[in-house]
>>> print(open('protein-v3.tsv').read())   # TSV, C-alpha atoms and all ligand atoms
chain	number	residue	atom	x	y	z
A	885	MET	CA	-88.37	-194.35	-160.26
A	886	ARG	CA	-91.52	-194.90	-162.30
A	887	TYR	CA	-94.98	-193.47	-162.87
A	888	LEU	CA	-98.39	-194.33	-164.24
A	889	SER	CA	-100.80	-191.75	-165.60
A	890	ALA	CA	-104.51	-191.83	-166.38
A	891	GLY	CA	-107.23	-189.54	-167.65
A	892	GLU	CA	-109.26	-188.69	-170.74
A	893	SER	CA	-108.99	-185.36	-172.56
A	894	HIS	CA	-112.58	-184.30	-171.72
A	895	GLY	CA	-112.95	-186.45	-168.60
A	896	PRO	CA	-112.88	-185.00	-165.08
A	897	CYS	CA	-109.08	-184.90	-164.64
A	898	LEU	CA	-105.63	-186.25	-165.41
A	899	VAL	CA	-103.69	-188.05	-162.67
A	900	ALA	CA	-100.27	-189.60	-162.15
A	901	VAL	CA	-98.71	-191.65	-159.38
A	902	ILE	CA	-94.93	-191.38	-159.11
A	903	GLU	CA	-93.10	-194.06	-157.17
A	904	GLY	CA	-89.44	-194.12	-156.16
A	905	LEU	CA	-88.75	-190.46	-155.32
A	906	PRO	CA	-86.31	-189.89	-152.47
A	907	SER	CA	-87.65	-188.29	-149.29
A	908	ASN	CA	-86.89	-184.69	-148.30
A	909	LEU	CA	-87.00	-183.31	-151.82
A	910	GLU	CA	-88.51	-179.84	-151.60
A	911	LEU	CA	-91.28	-179.52	-154.14
A	912	ASN	CA	-92.49	-176.13	-155.20
A	913	THR	CA	-95.82	-176.61	-156.97
A	914	GLU	CA	-95.51	-173.06	-158.37
A	915	ASN	CA	-92.54	-174.29	-160.44
A	916	ILE	CA	-94.66	-177.17	-161.76
A	917	ASN	CA	-97.50	-174.76	-162.54
A	918	ARG	CA	-95.09	-172.48	-164.38
A	919	HIS	CA	-94.15	-175.31	-166.74
A	920	LEU	CA	-97.84	-176.24	-167.13
A	921	ALA	CA	-98.56	-172.64	-168.16
A	922	ARG	CA	-95.60	-172.65	-170.60
A	923	ARG	CA	-97.03	-175.77	-172.24
A	924	GLN	CA	-100.36	-174.05	-172.81
A	925	GLN	CA	-98.80	-171.27	-174.87
A	926	GLY	CA	-97.82	-171.03	-178.51
A	927	TYR	CA	-99.36	-169.44	-181.57
A	928	GLY	CA	-101.55	-171.90	-183.46
A	929	ARG	CA	-103.39	-173.44	-180.53
A	930	GLY	CA	-107.18	-173.92	-180.75
A	931	GLY	CA	-110.03	-172.86	-178.48
A	932	ARG	CA	-109.33	-175.40	-175.72
A	933	MET	CA	-106.44	-173.47	-174.23
A	934	LYS	CA	-108.77	-170.54	-173.52
A	935	ILE	CA	-110.80	-172.87	-171.29
A	936	GLU	CA	-108.02	-174.57	-169.35
A	937	THR	CA	-105.69	-173.03	-166.74
A	938	ASP	CA	-103.68	-176.07	-165.74
A	939	LYS	CA	-102.72	-176.29	-162.08
A	940	VAL	CA	-101.36	-179.30	-160.24
A	941	GLU	CA	-102.79	-180.61	-156.98
A	942	VAL	CA	-100.68	-182.97	-154.86
A	943	LEU	CA	-102.82	-185.65	-153.20
A	944	SER	CA	-100.21	-187.84	-151.52
A	945	GLY	CA	-96.51	-188.28	-150.82
A	946	LEU	CA	-95.85	-184.69	-149.71
A	947	ARG	CA	-95.89	-183.12	-146.24
A	948	PHE	CA	-95.00	-179.51	-145.45
A	949	GLY	CA	-93.62	-179.15	-149.00
A	950	LYS	CA	-91.19	-182.08	-148.82
A	951	THR	CA	-91.51	-185.55	-150.33
A	952	LEU	CA	-92.03	-188.42	-147.90
A	953	GLY	CA	-90.59	-191.20	-150.08
A	954	SER	CA	-94.09	-192.63	-150.48
A	955	PRO	CA	-95.94	-192.48	-153.84
A	956	LEU	CA	-96.59	-188.91	-154.97
A	957	THR	CA	-100.02	-188.44	-156.56
A	958	LEU	CA	-100.56	-185.52	-158.93
A	959	LEU	CA	-103.89	-184.31	-160.30
A	960	ILE	CA	-104.80	-181.74	-162.95
A	961	LYS	CA	-108.47	-180.90	-163.42
A	962	ASN	CA	-109.92	-180.61	-166.91
A	963	ARG	CA	-111.99	-177.45	-166.69
A	964	ASP	CA	-113.59	-178.36	-170.02
A	965	TYR	CA	-115.21	-181.37	-168.31
A	966	ASP	CA	-118.01	-179.04	-167.19
A	967	ASN	CA	-118.94	-178.68	-170.87
A	968	TRP	CA	-118.54	-182.40	-171.62
A	969	GLN	CA	-120.02	-184.01	-168.54
A	970	GLU	CA	-122.96	-185.50	-170.39
A	971	VAL	CA	-120.72	-187.01	-173.07
A	972	MET	CA	-117.96	-188.15	-170.74
A	973	ASP	CA	-119.81	-189.01	-167.52
A	974	PRO	CA	-118.12	-192.14	-166.12
A	975	TYR	CA	-121.35	-193.50	-164.61
A	976	ASN	CA	-124.50	-192.41	-166.42
A	977	PRO	CA	-125.31	-194.80	-169.31
A	978	ALA	CA	-128.31	-192.67	-170.31
A	979	ALA	CA	-126.20	-189.56	-170.82
A	980	LYS	CA	-126.44	-188.41	-174.40
A	981	GLY	CA	-124.89	-185.00	-174.24
A	982	LYS	CA	-124.25	-182.40	-176.87
A	983	GLU	CA	-123.53	-184.91	-179.61
A	984	GLY	CA	-127.07	-186.29	-179.04
A	985	GLY	CA	-125.54	-189.66	-178.25
A	986	ALA	CA	-124.11	-189.86	-181.77
A	987	LYS	CA	-121.09	-192.08	-182.13
A	988	LEU	CA	-117.94	-190.86	-183.88
A	989	THR	CA	-117.43	-193.37	-186.70
A	990	ARG	CA	-115.27	-191.55	-189.26
A	991	PRO	CA	-111.65	-192.08	-188.19
A	992	ARG	CA	-109.11	-189.34	-188.94
A	993	PRO	CA	-106.09	-190.42	-191.02
A	994	GLY	CA	-102.95	-190.15	-188.89
A	995	HIS	CA	-104.81	-190.43	-185.57
A	996	ALA	CA	-105.18	-193.50	-183.33
A	997	ASP	CA	-108.96	-193.53	-184.12
A	998	LEU	CA	-109.16	-196.50	-186.52
A	999	ALA	CA	-106.50	-198.86	-185.18
A	1000	GLY	CA	-107.57	-198.12	-181.59
A	1001	ALA	CA	-111.28	-198.75	-182.30
A	1002	LEU	CA	-110.48	-202.07	-184.02
A	1003	LYS	CA	-108.03	-203.17	-181.32
A	1004	TYR	CA	-110.38	-202.40	-178.39
A	1005	ASN	CA	-113.59	-203.28	-180.27
A	1006	HIS	CA	-115.11	-199.84	-179.80
A	1007	GLN	CA	-118.01	-198.68	-181.96
A	1008	ASP	CA	-117.35	-195.03	-181.02
A	1009	THR	CA	-113.89	-193.65	-181.80
A	1010	ARG	CA	-114.33	-191.14	-178.95
A	1011	ASN	CA	-113.39	-194.05	-176.69
A	1012	VAL	CA	-109.97	-193.98	-178.37
A	1013	LEU	CA	-109.34	-190.33	-179.14
A	1014	GLU	CA	-109.99	-189.20	-175.58
A	1015	ARG	CA	-106.88	-190.98	-174.34
A	1016	ALA	CA	-104.78	-190.64	-177.50
A	1017	SER	CA	-105.24	-186.86	-177.26
A	1018	ALA	CA	-102.22	-184.68	-176.56
A	1019	ARG	CA	-104.13	-183.40	-173.53
A	1020	GLU	CA	-102.25	-186.23	-171.77
A	1021	THR	CA	-99.03	-184.24	-172.16
A	1022	ALA	CA	-100.24	-181.90	-169.40
A	1023	ILE	CA	-99.77	-184.60	-166.76
A	1024	ARG	CA	-96.46	-185.64	-168.35
A	1025	VAL	CA	-95.26	-182.07	-167.93
A	1026	ALA	CA	-96.25	-182.19	-164.25
A	1027	VAL	CA	-94.40	-185.49	-163.76
A	1028	GLY	CA	-91.36	-184.27	-165.68
A	1029	SER	CA	-91.35	-181.09	-163.61
A	1030	VAL	CA	-91.00	-183.19	-160.45
A	1031	GLY	CA	-87.99	-184.92	-162.07
A	1032	ARG	CA	-86.72	-181.49	-162.98
A	1033	GLU	CA	-86.97	-180.28	-159.37
A	1034	LEU	CA	-84.84	-183.27	-158.35
A	1035	ILE	CA	-82.06	-182.84	-160.91
A	1036	SER	CA	-81.98	-179.06	-160.56
A	1037	CYS	CA	-80.65	-179.65	-157.01
A	1038	PHE	CA	-77.56	-180.99	-158.82
A	1039	ASN	CA	-77.34	-178.13	-161.28
A	1040	ILE	CA	-78.84	-180.07	-164.19
A	1041	ASN	CA	-81.06	-177.76	-166.24
A	1042	ILE	CA	-83.20	-178.25	-169.33
A	1043	TYR	CA	-84.09	-175.82	-172.13
A	1044	SER	CA	-85.81	-176.02	-175.49
A	1045	HIS	CA	-86.47	-173.93	-178.56
A	1046	VAL	CA	-88.25	-174.37	-181.87
A	1047	VAL	CA	-85.89	-174.54	-184.84
A	1048	GLU	CA	-88.38	-175.05	-187.66
A	1049	ILE	CA	-92.16	-174.95	-188.35
A	1050	GLY	CA	-93.83	-175.73	-191.68
A	1051	GLY	CA	-90.44	-175.87	-193.41
A	1052	ILE	CA	-89.49	-172.35	-192.22
A	1053	LYS	CA	-86.14	-172.65	-190.45
A	1054	ALA	CA	-84.70	-170.40	-187.74
A	1055	ARG	CA	-81.30	-168.92	-188.65
A	1056	ASP	CA	-78.38	-169.66	-186.37
A	1057	MET	CA	-78.39	-166.32	-184.52
A	1058	ASN	CA	-74.98	-166.84	-182.92
A	1059	LEU	CA	-76.50	-166.05	-179.51
A	1060	SER	CA	-75.25	-166.91	-176.08
A	1061	PHE	CA	-77.06	-169.75	-174.36
A	1062	GLN	CA	-78.95	-167.30	-172.11
A	1063	GLU	CA	-79.96	-165.02	-175.01
A	1064	LEU	CA	-81.14	-167.95	-177.11
A	1065	PHE	CA	-83.49	-169.22	-174.42
A	1066	SER	CA	-84.75	-165.88	-173.24
A	1067	LYS	CA	-85.64	-165.05	-176.85
A	1068	ALA	CA	-87.32	-168.47	-177.31
A	1069	GLU	CA	-89.23	-168.02	-174.07
A	1070	SER	CA	-90.69	-164.69	-175.15
A	1071	SER	CA	-91.42	-165.77	-178.74
A	1072	GLN	CA	-94.99	-166.71	-179.66
A	1073	VAL	CA	-93.66	-169.87	-181.33
A	1074	ARG	CA	-90.62	-170.50	-179.03
A	1075	CYS	CA	-88.30	-169.50	-181.89
A	1076	ALA	CA	-85.26	-167.29	-181.17
A	1077	ASP	CA	-85.08	-165.89	-184.72
A	1078	PRO	CA	-87.63	-163.01	-184.97
A	1079	GLU	CA	-87.63	-163.08	-188.78
A	1080	ALA	CA	-88.47	-166.80	-188.85
A	1081	GLU	CA	-91.06	-166.23	-186.11
A	1082	GLU	CA	-92.86	-163.67	-188.23
A	1083	ARG	CA	-92.90	-165.94	-191.29
A	1084	ILE	CA	-94.03	-168.91	-189.18
A	1085	ILE	CA	-96.97	-166.92	-187.76
A	1086	GLU	CA	-98.00	-165.87	-191.28
A	1087	GLU	CA	-97.81	-169.50	-192.39
A	1088	ILE	CA	-99.89	-170.67	-189.42
A	1089	ASN	CA	-102.55	-168.06	-190.32
A	1090	ARG	CA	-102.54	-169.15	-193.95
A	1091	VAL	CA	-102.74	-172.85	-193.15
A	1092	LYS	CA	-105.53	-172.24	-190.62
A	1093	GLU	CA	-107.61	-170.50	-193.27
A	1094	GLU	CA	-107.03	-173.44	-195.58
A	1095	GLY	CA	-108.24	-175.91	-192.92
A	1096	ASP	CA	-104.83	-177.58	-192.69
A	1097	SER	CA	-102.17	-178.12	-189.97
A	1098	LEU	CA	-98.40	-177.74	-189.51
A	1099	GLY	CA	-95.54	-179.66	-187.89
A	1100	GLY	CA	-91.95	-178.73	-187.10
A	1101	VAL	CA	-88.73	-179.44	-185.23
A	1102	PHE	CA	-87.66	-178.44	-181.72
A	1103	GLU	CA	-84.37	-178.83	-179.91
A	1104	ILE	CA	-83.86	-179.77	-176.25
A	1105	LEU	CA	-80.64	-179.00	-174.37
A	1106	VAL	CA	-79.64	-180.42	-171.01
A	1107	THR	CA	-76.78	-178.75	-169.14
A	1108	GLY	CA	-74.90	-180.03	-166.09
A	1109	ALA	CA	-75.45	-183.78	-166.60
A	1110	PRO	CA	-72.44	-185.50	-165.00
A	1111	THR	CA	-70.41	-188.07	-166.95
A	1112	GLY	CA	-71.83	-191.56	-166.53
A	1113	LEU	CA	-75.65	-191.28	-166.65
A	1114	GLY	CA	-77.08	-194.21	-168.61
A	1115	ASN	CA	-74.99	-197.26	-169.34
A	1116	HIS	CA	-72.99	-198.99	-172.05
A	1117	VAL	CA	-73.40	-202.49	-170.56
A	1118	HIS	CA	-76.94	-203.31	-171.65
A	1119	TRP	CA	-79.19	-202.09	-174.48
A	1120	ASP	CA	-82.12	-201.04	-172.33
A	1121	ARG	CA	-79.98	-198.88	-170.05
A	1122	LYS	CA	-78.48	-196.67	-172.77
A	1123	LEU	CA	-79.34	-193.02	-172.17
A	1124	ASP	CA	-79.78	-192.12	-175.84
A	1125	GLY	CA	-82.06	-195.13	-176.38
A	1126	ARG	CA	-84.19	-194.17	-173.41
A	1127	LEU	CA	-84.43	-190.50	-174.35
A	1128	ALA	CA	-85.28	-191.32	-177.96
A	1129	GLY	CA	-87.89	-193.92	-176.93
A	1130	ALA	CA	-89.54	-191.60	-174.43
A	1131	LEU	CA	-89.55	-188.63	-176.80
A	1132	MET	CA	-90.95	-190.75	-179.65
A	1133	SER	CA	-93.89	-191.53	-177.37
A	1134	LEU	CA	-94.86	-187.85	-177.36
A	1135	GLN	CA	-97.93	-187.41	-179.60
A	1136	ALA	CA	-97.05	-186.78	-183.29
A	1137	ILE	CA	-93.26	-187.15	-182.88
A	1138	LYS	CA	-91.86	-189.00	-185.87
A	1139	GLY	CA	-88.12	-188.67	-185.40
A	1140	VAL	CA	-85.54	-188.00	-182.68
A	1141	GLU	CA	-81.89	-187.08	-183.27
A	1142	VAL	CA	-79.06	-186.87	-180.75
A	1143	GLY	CA	-76.24	-184.43	-181.59
A	1144	PHE	CA	-75.35	-184.57	-185.28
A	1145	GLY	CA	-78.05	-187.25	-185.67
A	1146	PHE	CA	-78.78	-188.18	-189.30
A	1147	ASP	CA	-76.06	-185.79	-190.48
A	1148	ALA	CA	-73.45	-187.98	-188.78
A	1149	ALA	CA	-74.17	-190.59	-191.44
A	1150	ARG	CA	-73.11	-188.15	-194.15
A	1151	PHE	CA	-69.58	-187.29	-192.93
A	1152	ARG	CA	-66.33	-189.17	-192.31
A	1153	GLY	CA	-65.41	-190.52	-188.90
A	1154	SER	CA	-62.74	-187.87	-188.44
A	1155	GLN	CA	-65.38	-185.18	-189.03
A	1156	VAL	CA	-67.94	-186.69	-186.67
A	1157	GLN	CA	-66.12	-187.81	-183.48
A	1158	ASP	CA	-65.25	-185.28	-180.78
A	1159	GLU	CA	-61.57	-185.08	-179.81
A	1160	ILE	CA	-60.75	-185.50	-176.12
A	1161	CYS	CA	-58.94	-182.81	-174.08
A	1162	TYR	CA	-57.87	-182.38	-170.45
A	1163	ASN	CA	-57.04	-179.50	-168.16
A	1164	GLU	CA	-56.74	-179.19	-164.37
A	1165	GLU	CA	-59.82	-177.02	-164.00
A	1166	ARG	CA	-62.29	-178.88	-166.20
A	1167	GLY	CA	-60.83	-182.38	-166.12
A	1168	TYR	CA	-61.67	-184.33	-169.29
A	1169	TYR	CA	-63.72	-182.56	-171.95
A	1170	HIS	CA	-64.31	-182.62	-175.70
A	1171	LYS	CA	-63.17	-180.13	-178.33
A	1172	THR	CA	-66.59	-180.28	-180.04
A	1173	ASN	CA	-69.98	-181.77	-179.16
A	1174	ARG	CA	-71.21	-183.53	-182.27
A	1175	ALA	CA	-72.18	-186.55	-180.15
A	1176	GLY	CA	-74.78	-184.41	-178.38
A	1177	GLY	CA	-73.33	-185.31	-174.97
A	1178	ILE	CA	-73.83	-189.08	-175.23
A	1179	GLU	CA	-71.21	-191.68	-176.24
A	1180	GLY	CA	-71.91	-195.43	-176.09
A	1181	GLY	CA	-75.18	-194.84	-174.23
A	1182	LEU	CA	-73.45	-192.82	-171.48
A	1183	SER	CA	-73.54	-189.09	-170.82
A	1184	ASN	CA	-70.01	-187.76	-171.39
A	1185	GLY	CA	-70.15	-184.54	-169.40
A	1186	GLU	CA	-71.04	-182.30	-172.36
A	1187	LYS	CA	-74.42	-180.69	-173.04
A	1188	LEU	CA	-77.11	-183.15	-174.17
A	1189	VAL	CA	-78.52	-181.99	-177.51
A	1190	ILE	CA	-81.67	-183.66	-178.82
A	1191	ARG	CA	-83.95	-182.69	-181.69
A	1192	CYS	CA	-87.50	-183.95	-182.27
A	1193	ALA	CA	-89.54	-183.85	-185.47
A	1194	MET	CA	-93.30	-183.41	-185.04
A	1195	LYS	CA	-95.67	-184.21	-187.88
A	1196	PRO	CA	-98.67	-181.93	-188.56
A	1197	ILE	CA	-101.69	-182.58	-186.31
A	1198	PRO	CA	-104.08	-185.13	-187.89
A	1199	THR	CA	-107.33	-183.26	-187.20
A	1200	LEU	CA	-107.98	-181.20	-190.35
A	1201	TYR	CA	-110.81	-178.70	-190.66
A	1202	LYS	CA	-110.74	-179.57	-194.37
A	1203	PRO	CA	-110.74	-183.33	-193.76
A	1204	LEU	CA	-109.15	-186.06	-195.84
A	1205	GLN	CA	-110.87	-189.19	-197.08
A	1206	SER	CA	-111.91	-191.82	-194.56
A	1207	VAL	CA	-114.46	-194.64	-194.32
A	1208	ASP	CA	-117.53	-194.54	-192.10
A	1209	MET	CA	-117.10	-197.52	-189.80
A	1210	GLU	CA	-120.89	-198.05	-189.58
A	1211	THR	CA	-121.82	-197.88	-193.28
A	1212	LYS	CA	-118.36	-198.82	-194.72
A	1213	LYS	CA	-118.93	-196.03	-197.24
A	1214	ILE	CA	-116.22	-193.55	-198.24
A	1215	HIS	CA	-116.70	-190.39	-196.22
A	1216	LYS	CA	-114.70	-187.35	-195.17
A	1217	ALA	CA	-112.93	-187.90	-191.82
A	1218	GLY	CA	-114.56	-186.51	-188.70
A	1219	VAL	CA	-113.65	-183.01	-187.53
A	1220	GLU	CA	-112.91	-182.35	-183.87
A	1221	ARG	CA	-111.96	-178.99	-182.42
A	1222	SER	CA	-108.15	-178.94	-182.47
A	1223	ASP	CA	-104.96	-176.93	-182.85
A	1224	VAL	CA	-103.40	-175.85	-186.17
A	1225	CYS	CA	-99.86	-176.13	-184.82
A	1226	ALA	CA	-98.71	-177.41	-181.42
A	1227	VAL	CA	-94.94	-177.53	-181.99
A	1228	PRO	CA	-94.21	-174.88	-179.28
A	1229	ALA	CA	-96.30	-176.85	-176.76
A	1230	ALA	CA	-94.60	-180.11	-177.78
A	1231	SER	CA	-91.24	-178.45	-177.20
A	1232	VAL	CA	-92.17	-177.77	-173.54
A	1233	ALA	CA	-93.59	-181.30	-173.19
A	1234	GLY	CA	-90.32	-182.62	-174.70
A	1235	GLU	CA	-88.33	-180.78	-172.02
A	1236	ALA	CA	-90.39	-182.50	-169.32
A	1237	ILE	CA	-89.99	-185.92	-170.92
A	1238	ALA	CA	-86.23	-185.44	-171.20
A	1239	ALA	CA	-86.14	-184.21	-167.58
A	1240	TRP	CA	-87.90	-187.34	-166.41
A	1241	GLU	CA	-85.53	-189.67	-168.31
A	1242	VAL	CA	-82.45	-187.84	-167.01
A	1243	ALA	CA	-83.88	-187.87	-163.47
A	1244	GLN	CA	-84.51	-191.60	-163.74
A	1245	ALA	CA	-80.96	-192.25	-164.96
A	1246	PHE	CA	-79.74	-190.02	-162.12
A	1247	ARG	CA	-81.68	-192.06	-159.55
A	1248	GLU	CA	-80.25	-195.28	-160.96
A	1249	LYS	CA	-76.71	-193.92	-160.75
A	1250	PHE	CA	-76.89	-192.37	-157.30
A	1251	GLY	CA	-79.56	-194.45	-155.49
A	1252	GLY	CA	-80.44	-193.43	-151.95
A	1253	ASP	CA	-83.76	-193.15	-150.14
A	1254	SER	CA	-83.41	-189.59	-148.85
A	1255	MET	CA	-82.06	-186.46	-150.55
A	1256	GLU	CA	-79.26	-186.40	-147.98
A	1257	GLU	CA	-78.17	-189.87	-149.11
A	1258	VAL	CA	-78.48	-188.97	-152.82
A	1259	LYS	CA	-76.34	-185.85	-152.29
A	1260	ALA	CA	-73.65	-187.78	-150.41
A	1261	ASN	CA	-73.52	-190.42	-153.16
A	1262	TYR	CA	-73.35	-187.75	-155.86
A	1263	GLU	CA	-70.54	-185.84	-154.15
A	1264	ASN	CA	-68.60	-189.01	-153.50
A	1265	TYR	CA	-68.77	-190.03	-157.17
A	1266	MET	CA	-67.91	-186.53	-158.42
A	1267	GLY	CA	-64.88	-186.58	-156.12
A	1268	ILE	CA	-63.76	-189.95	-157.49
A	1269	ILE	CA	-64.04	-188.95	-161.16
A	1270	SER	CA	-62.40	-185.55	-160.66
A	1271	ASN	CA	-59.27	-187.33	-159.35
A	1272	ARG	CA	-58.97	-189.59	-162.39
B	1301	LIG	C1	-106.09	-182.48	-179.05
B	1301	LIG	C2	-107.16	-181.68	-179.44
B	1301	LIG	C3	-107.45	-180.37	-178.79
B	1301	LIG	C4	-106.16	-179.83	-178.20
B	1301	LIG	C5	-105.67	-180.90	-177.24
B	1301	LIG	C6	-105.13	-182.05	-178.03
B	1301	LIG	O1	-108.35	-180.51	-177.70
B	1301	LIG	P1	-109.89	-180.24	-177.86
B	1301	LIG	O2	-110.42	-181.35	-178.72
B	1301	LIG	O3	-110.48	-180.27	-176.48
B	1301	LIG	O4	-110.02	-178.89	-178.51
B	1301	LIG	O5	-106.37	-178.58	-177.58
B	1301	LIG	O6	-104.67	-180.42	-176.40
B	1301	LIG	C7	-105.01	-180.15	-175.11
B	1301	LIG	C8	-106.24	-180.20	-174.62
B	1301	LIG	C9	-103.86	-179.78	-174.30
B	1301	LIG	O7	-104.03	-179.55	-173.08
B	1301	LIG	O8	-102.75	-179.74	-174.86
B	1301	LIG	C10	-105.85	-183.81	-179.64
B	1301	LIG	O9	-106.75	-184.33	-180.33
B	1301	LIG	O10	-104.76	-184.38	-179.47
>>> encode(input="protein-v3.tsv", output="structure tokens")
Amino acid sequence: MRYLSAGESHGPCLVAVIEGLPSNLELNTENINRHLARRQQGYGRGGRMKIETDKVEVLSGLRFGKTLGSPLTLLIKNRDYDNWQEVMDPYNPAAKGKEGGAKLTRPRPGHADLAGALKYNHQDTRNVLERASARETAIRVAVGSVGRELISCFNINIYSHVVEIGGIKARDMNLSFQELFSKAESSQVRCADPEAEERIIEEINRVKEEGDSLGGVFEILVTGAPTGLGNHVHWDRKLDGRLAGALMSLQAIKGVEVGFGFDAARFRGSQVQDEICYNEERGYYHKTNRAGGIEGGLSNGEKLVIRCAMKPIPTLYKPLQSVDMETKKIHKAGVERSDVCAVPAASVAGEAIAAWEVAQAFREKFGGDSMEEVKANYENYMGIISNR
């Protein structure tokens, strides 16, 4: 299973073509739209989210609500394109638009602006920033939501919550799984600790006034993944490698941990590995889950636990030093409308990315061209491992 996506932040739309889905998968676009709406939320977002109401349109690969097995094409319109048509028109070379035809030549530190403009020989960094923009995560959420629909048929579910923003950490609230995620879902910053939420909101307000931005850490949990997704036999098939690679490709992510992550390096082996148990009802299981559900590149039947660190957004209303690429003179970096903090949105995008990677590993394990075939393969395998 694979996909390609395309689209500029202020262009007409974002699109993706997914190839390799089984046929007869029921797709509920309302579920996809629900995740798109979740991604648009979060305290600290800028003006753009007041303009957009992301909705997916399915252009191919679906008939009467079920996949056909042919490529599935998804489209999300950029409502803001109406305001940017003259700047972003794909055809009209005379279009000057609201920037009066002015090029953006003062790259922002931390953004793709400079390296992208040099690499592609662009004189206008807008030609880079439009695609580097985190707007692209909207279509990744739509794609991941399709993967999510597939794996949810096998009881695999994905959750996320924010554990830290701007150095303010959520306390471990000792909540049940359900409570944790219902609290995160109703929090303005996807944080289950109300005290931390309040302090985070204050910090976002303060930082906004100072023209700065904030990063943070979010955690993704995947329940119901059967033992044996991913592979130990070759480096590029390891589930942890794939999840980490895919999540690192999310805009502004600078680190990904699985389970104990970096902390595992600070303890002894006996304090890090998870002891193995067995009982009739559960079969094999582990006493603890420090591995975050992955051993040797394979899912081990426990919950997958992944944390991602997001750096602060590079667009600063009080900009840092840059160089004007036309004059080569020192100049403050350009300022584009942006968010102050997008960690809650990244957390929802991270869920979708993880869902896609798990769905892909699931397809590799269970094969099949129709959902009926996938289900038969899944049940057969689950029967085999439960008798071991
Ligand atoms: C982004 C800048 C802002 C964000 C955008 C990502 O967009 P704009 O320049 O239009 O205000 O709002 O995120 C989205 C549009 C989105 O859908 O998440 C950037 O430079 O990365």
>>> closest_residue(input="protein-v3.tsv", among="A:Val1101, A:Ile1137, A:Ala999, A:Ile1042", to="Ala1243 of chain A", atoms="only C-alpha atoms")
A:Ile1042
>>> residues_around(input="protein-v3.tsv", residues="segment 915-925 of chain A", least_positions_apart="2", cutoff="9 Å", atoms="all atoms listed in the file", output="compact mmCIF listing (two decimals) with C-alpha atoms, in the frame of the given file")
# COMPACT_ATOMS: atom_id res chain seq x y z
CA LEU A 911 -91.28 -179.52 -154.14
CA ASN A 912 -92.49 -176.13 -155.20
CA THR A 913 -95.82 -176.61 -156.97
CA TYR A 927 -99.36 -169.44 -181.57
CA ARG A 929 -103.39 -173.44 -180.53
CA MET A 933 -106.44 -173.47 -174.23
CA GLU A 936 -108.02 -174.57 -169.35
CA THR A 937 -105.69 -173.03 -166.74
CA ASP A 938 -103.68 -176.07 -165.74
CA LYS A 939 -102.72 -176.29 -162.08
CA VAL A 940 -101.36 -179.30 -160.24
CA THR A 1021 -99.03 -184.24 -172.16
CA ALA A 1022 -100.24 -181.90 -169.40
CA ILE A 1023 -99.77 -184.60 -166.76
CA VAL A 1025 -95.26 -182.07 -167.93
CA ALA A 1026 -96.25 -182.19 -164.25
CA VAL A 1027 -94.40 -185.49 -163.76
CA GLY A 1028 -91.36 -184.27 -165.68
CA SER A 1029 -91.35 -181.09 -163.61
CA VAL A 1030 -91.00 -183.19 -160.45
CA GLU A 1033 -86.97 -180.28 -159.37
CA GLU A 1069 -89.23 -168.02 -174.07
CA GLN A 1072 -94.99 -166.71 -179.66
CA VAL A 1073 -93.66 -169.87 -181.33
CA ALA A 1226 -98.71 -177.41 -181.42
CA PRO A 1228 -94.21 -174.88 -179.28
CA ALA A 1229 -96.30 -176.85 -176.76
CA ALA A 1230 -94.60 -180.11 -177.78
CA SER A 1231 -91.24 -178.45 -177.20
CA VAL A 1232 -92.17 -177.77 -173.54
CA ALA A 1233 -93.59 -181.30 -173.19
CA ALA A 1236 -90.39 -182.50 -169.32
>>> atom_distance(input="protein-v3.tsv", atom1="atom CA of Arg1272 of chain A", atom2="atom CA of Asn1163 of chain A")
11.8 Å
>>> residues_near_ligand(input="protein-v3.tsv", ligand="ligand LIG 1301 (chain B)", cutoff="7 Å", atoms="only C-alpha atoms and all ligand atoms", output="JSON list (two decimals) with C-alpha atoms, keeping the file's coordinate frame")
[["chain", "number", "residue", "atom", "x", "y", "z"],
["A", 893, "SER", "CA", -108.99, -185.36, -172.56],
["A", 894, "HIS", "CA", -112.58, -184.30, -171.72],
["A", 924, "GLN", "CA", -100.36, -174.05, -172.81],
["A", 929, "ARG", "CA", -103.39, -173.44, -180.53],
["A", 930, "GLY", "CA", -107.18, -173.92, -180.75],
["A", 931, "GLY", "CA", -110.03, -172.86, -178.48],
["A", 932, "ARG", "CA", -109.33, -175.40, -175.72],
["A", 933, "MET", "CA", -106.44, -173.47, -174.23],
["A", 1013, "LEU", "CA", -109.34, -190.33, -179.14],
["A", 1016, "ALA", "CA", -104.78, -190.64, -177.50],
["A", 1017, "SER", "CA", -105.24, -186.86, -177.26],
["A", 1018, "ALA", "CA", -102.22, -184.68, -176.56],
["A", 1019, "ARG", "CA", -104.13, -183.40, -173.53],
["A", 1021, "THR", "CA", -99.03, -184.24, -172.16],
["A", 1022, "ALA", "CA", -100.24, -181.90, -169.40],
["A", 1199, "THR", "CA", -107.33, -183.26, -187.20],
["A", 1220, "GLU", "CA", -112.91, -182.35, -183.87],
["A", 1221, "ARG", "CA", -111.96, -178.99, -182.42],
["A", 1222, "SER", "CA", -108.15, -178.94, -182.47],
["A", 1223, "ASP", "CA", -104.96, -176.93, -182.85]]
>>> residues_near_point(input="protein-v3.tsv", point="(-77.0, -190.8, -157.6)", cutoff="12 Å", atoms="only C-alpha atoms", output="ChimeraX atom specification")
/A:905-906,1034-1035,1037-1038,1109-1114,1242-1266
>>> atom_distance(input="protein-v3.tsv", atom1="atom CA of Gly1267 of chain A", atom2="atom CA of Ile1237 of chain A")
29.2 Å
>>> closest_residue(input="protein-v3.tsv", among="A:Gly926, A:Gly1099, A:Gly949, A:Pro974", to="Pro896 of chain A", atoms="only C-alpha atoms")
A:Pro974
